[in-house]
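In what follows, a structure is listed as structure tokens, so that the remarks can point back to it.
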Amino acid sequence: MSDLDTPAKPLSHLSSEALALRRAIGAAGTGRDLRTLAGWITDVQDLSRSALDVLLDHAPARSHATAEALLSLDRLAQIAKAAQDAGAELTAALARAVENQRRCAAASSGRVVVIGPSPQQLIASAVDLLGRIPALCHAIHRDRLVPPTHHAHWPR
């Protein structure tokens with residue numbers, strides 16, 4: 001990937017989408033209904049798909065892959081994974097919320113014991129994962145600005 005091939009605009013879009021989702025999910029507090037959770041899941045899945053599209057659009061032919069290009073592709077794959085993992089956490093939160101509602105409705109005593117992470121904990125995990133995406137986008141930009149010869153001197 002040459003500097004002209006750097007996916008600056010798509011990276012900016014991925015970063016801003018992740019930040020917007022992170023803010024929306026974090027600001028919702030505890031008043032999350034099932035429709036809202038389902039909407040966030042599809043939004044995060046769209047974000048992951050966009051990251052994969054950027055990766056595929058900028059993937060060099062195997063025979064022409066440089067270490068720099070592979071580092072950028074690795075970070076793009078990490079962005080897609082972070083979005084996928086956030087989607088999985090939100091889906092787990094949705095499933096847990098439905099399970100908890102079902103258990104409460106079926107409980108005769110009114111007390112329900114919930115085992116495992118709460119939907120709120122799973123949602124907080126998704127928010128944290130979304131927070132990684134802007135940092136990864138920034139790392140791709142930063143690495144493009146440092147000449148490859150300087151990378152050889154960095155500790156591994």
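Please note that chains go A, B, ... in the order of the structure tokens, that every chain numbers its residues from 1, and that ligands are numbered from 1 in the order shown.
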Could you name the residues that touch Leu90 (chain A) at 8 Å or less, counting only C-alpha atoms, but leaving out those on the same chain fewer than 3 positions away, as a list of chain:residue names?
-> A:Leu37, A:Trp40, A:Ile41, A:Ala86, A:Gly87, A:Ala93, A:Leu94, A:Leu122, A:Ile123, A:Ala126
Restricting it to all heavy atoms, dump the selection as a CSV table (one decimal), in the first residue's frame.
chain,number,residue,atom,x,y,z
A,37,LEU,N,-31.6,-2.6,21.8
A,37,LEU,CA,-30.5,-3.5,21.7
A,37,LEU,C,-30.4,-4.2,20.3
A,37,LEU,O,-29.3,-4.2,19.8
A,37,LEU,CB,-30.7,-4.6,22.7
A,37,LEU,CG,-30.2,-4.3,24.2
A,37,LEU,CD1,-30.6,-5.5,25.1
A,37,LEU,CD2,-28.7,-4.2,24.2
A,40,TRP,N,-28.9,-1.7,17.9
A,40,TRP,CA,-27.4,-1.5,18.1
A,40,TRP,C,-26.7,-2.7,17.6
A,40,TRP,O,-25.6,-2.5,17.0
A,40,TRP,CB,-27.1,-1.4,19.6
A,40,TRP,CG,-27.5,-0.1,20.2
A,40,TRP,CD1,-27.8,1.1,19.5
A,40,TRP,CD2,-27.8,0.2,21.6
A,40,TRP,NE1,-28.1,2.1,20.4
A,40,TRP,CE2,-28.2,1.6,21.7
A,40,TRP,CE3,-27.7,-0.6,22.7
A,40,TRP,CZ2,-28.5,2.1,22.9
A,40,TRP,CZ3,-28.1,0.0,23.9
A,40,TRP,CH2,-28.4,1.4,24.0
A,41,ILE,N,-27.2,-3.9,17.7
A,41,ILE,CA,-26.6,-5.1,17.2
A,41,ILE,C,-26.4,-5.0,15.7
A,41,ILE,O,-25.3,-5.2,15.1
A,41,ILE,CB,-27.4,-6.4,17.5
A,41,ILE,CG1,-27.3,-6.6,19.0
A,41,ILE,CG2,-26.8,-7.6,16.7
A,41,ILE,CD1,-28.3,-7.6,19.6
A,86,ALA,N,-18.1,-6.8,19.8
A,86,ALA,CA,-19.1,-5.9,20.4
A,86,ALA,C,-20.5,-6.3,20.1
A,86,ALA,O,-21.4,-6.3,20.9
A,86,ALA,CB,-18.8,-4.4,20.0
A,87,GLY,N,-20.7,-6.7,18.8
A,87,GLY,CA,-22.0,-7.3,18.4
A,87,GLY,C,-22.3,-8.5,19.2
A,87,GLY,O,-23.5,-8.7,19.6
A,93,ALA,N,-26.2,-9.8,25.6
A,93,ALA,CA,-27.0,-8.9,26.5
A,93,ALA,C,-28.5,-9.0,26.2
A,93,ALA,O,-29.4,-9.1,27.1
A,93,ALA,CB,-26.6,-7.4,26.4
A,94,LEU,N,-28.8,-9.1,24.9
A,94,LEU,CA,-30.2,-9.2,24.5
A,94,LEU,C,-30.8,-10.6,24.9
A,94,LEU,O,-31.9,-10.6,25.5
A,94,LEU,CB,-30.3,-9.1,22.9
A,94,LEU,CG,-31.7,-9.3,22.3
A,94,LEU,CD1,-32.6,-8.2,22.6
A,94,LEU,CD2,-31.5,-9.5,20.8
A,122,LEU,N,-22.6,-6.9,30.0
A,122,LEU,CA,-22.3,-7.3,28.6
A,122,LEU,C,-22.3,-6.0,27.7
A,122,LEU,O,-21.4,-5.9,26.9
A,122,LEU,CB,-23.3,-8.3,28.1
A,122,LEU,CG,-23.2,-9.6,28.9
A,122,LEU,CD1,-24.5,-10.5,28.6
A,122,LEU,CD2,-22.0,-10.4,28.4
A,123,ILE,N,-23.2,-5.1,28.0
A,123,ILE,CA,-23.3,-3.9,27.2
A,123,ILE,C,-22.0,-3.0,27.5
A,123,ILE,O,-21.4,-2.4,26.6
A,123,ILE,CB,-24.6,-3.1,27.5
A,123,ILE,CG1,-25.8,-3.9,26.9
A,123,ILE,CG2,-24.5,-1.7,27.0
A,123,ILE,CD1,-27.1,-3.4,27.4
A,126,ALA,N,-19.3,-4.3,25.5
A,126,ALA,CA,-19.4,-3.9,24.1
A,126,ALA,C,-18.9,-2.4,23.9
A,126,ALA,O,-18.2,-2.1,22.9
A,126,ALA,CB,-20.9,-4.0,23.6
Hey, what does DSSP flag as helix (DSSP H, G or I) within region 51-88 of chain A? Can you give it to me as JSON, numbers by chain?
{"A": [51, 52, 53, 54, 55, 56, 57, 62, 63, 64, 67, 68, 69, 70, 71, 72, 73, 74, 75, 76, 77, 78, 79, 80, 81, 82, 83, 84, 85, 86, 87, 88]}
For C-alpha atoms, I'd like the residues from the last selection saved as a PDB file, in the first residue's frame.
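Wrote part_20.pdb, looks like this:
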ATOM      1  CA  ALA A  51     -14.256  -2.642   8.266  1.00  0.00           C
ATOM      2  CA  LEU A  52     -14.081  -5.872   6.284  1.00  0.00           C
ATOM      3  CA  ASP A  53     -14.898  -3.972   3.082  1.00  0.00           C
ATOM      4  CA  VAL A  54     -12.032  -1.527   3.764  1.00  0.00           C
ATOM      5  CA  LEU A  55      -9.719  -4.456   4.436  1.00  0.00           C
ATOM      6  CA  LEU A  56     -10.678  -6.176   1.185  1.00  0.00           C
ATOM      7  CA  ASP A  57     -10.458  -2.941  -0.811  1.00  0.00           C
ATOM      8  CA  ARG A  62      -0.132 -11.871  -1.761  1.00  0.00           C
ATOM      9  CA  SER A  63       3.000 -11.582  -3.859  1.00  0.00           C
ATOM     10  CA  HIS A  64       3.106  -7.803  -3.352  1.00  0.00           C
ATOM     11  CA  ALA A  67       5.345  -5.661   6.032  1.00  0.00           C
ATOM     12  CA  GLU A  68       3.772  -2.196   6.234  1.00  0.00           C
ATOM     13  CA  ALA A  69       0.723  -3.294   4.228  1.00  0.00           C
ATOM     14  CA  LEU A  70       0.328  -6.394   6.366  1.00  0.00           C
ATOM     15  CA  LEU A  71       0.472  -4.311   9.549  1.00  0.00           C
ATOM     16  CA  SER A  72      -2.321  -2.098   8.221  1.00  0.00           C
ATOM     17  CA  LEU A  73      -4.342  -5.153   7.225  1.00  0.00           C
ATOM     18  CA  ASP A  74      -3.782  -6.664  10.668  1.00  0.00           C
ATOM     19  CA  ARG A  75      -5.146  -3.520  12.294  1.00  0.00           C
ATOM     20  CA  LEU A  76      -8.113  -3.462   9.911  1.00  0.00           C
ATOM     21  CA  ALA A  77      -8.830  -7.083  10.846  1.00  0.00           C
ATOM     22  CA  GLN A  78      -8.609  -6.104  14.538  1.00  0.00           C
ATOM     23  CA  ILE A  79     -11.139  -3.332  13.890  1.00  0.00           C
ATOM     24  CA  ALA A  80     -13.534  -5.823  12.283  1.00  0.00           C
ATOM     25  CA  LYS A  81     -12.978  -8.246  15.177  1.00  0.00           C
ATOM     26  CA  ALA A  82     -13.613  -5.560  17.796  1.00  0.00           C
ATOM     27  CA  ALA A  83     -16.890  -4.684  16.062  1.00  0.00           C
ATOM     28  CA  GLN A  84     -17.850  -8.374  15.774  1.00  0.00           C
ATOM     29  CA  ASP A  85     -17.019  -8.944  19.434  1.00  0.00           C
ATOM     30  CA  ALA A  86     -19.059  -5.872  20.433  1.00  0.00           C
ATOM     31  CA  GLY A  87     -21.968  -7.262  18.416  1.00  0.00           C
ATOM     32  CA  ALA A  88     -21.597 -10.612  20.174  1.00  0.00           C
TER      33      ALA A  88
END
Counting only C-alpha atoms, what are the residues of region 2-73 of chain A within 10 Å of region 97-107 of chain A, and for each of them which pair of atoms is the nearest and at what distance in Å, to one decimal? Sort the table by chain and rising number, as JSON lines.
{"residue": "A:Arg32", "atom": "CA", "partner": "A:Ala97", "partner_atom": "CA", "distance": 9.6}
{"residue": "A:Asp33", "atom": "CA", "partner": "A:Ala97", "partner_atom": "CA", "distance": 8.9}
{"residue": "A:Leu34", "atom": "CA", "partner": "A:Ala97", "partner_atom": "CA", "distance": 7.9}
{"residue": "A:Leu37", "atom": "CA", "partner": "A:Ala97", "partner_atom": "CA", "distance": 9.8}
Store the residues of this selection in a file with C-alpha atoms, as a PDB file, in the first residue's frame.
ATOM      1  CA  ARG A  32     -32.536  -0.296  27.202  1.00  0.00           C
ATOM      2  CA  ASP A  33     -35.421  -2.105  25.576  1.00  0.00           C
ATOM      3  CA  LEU A  34     -35.126  -5.092  23.279  1.00  0.00           C
ATOM      4  CA  LEU A  37     -30.519  -3.532  21.704  1.00  0.00           C
TER       5      LEU A  37
END
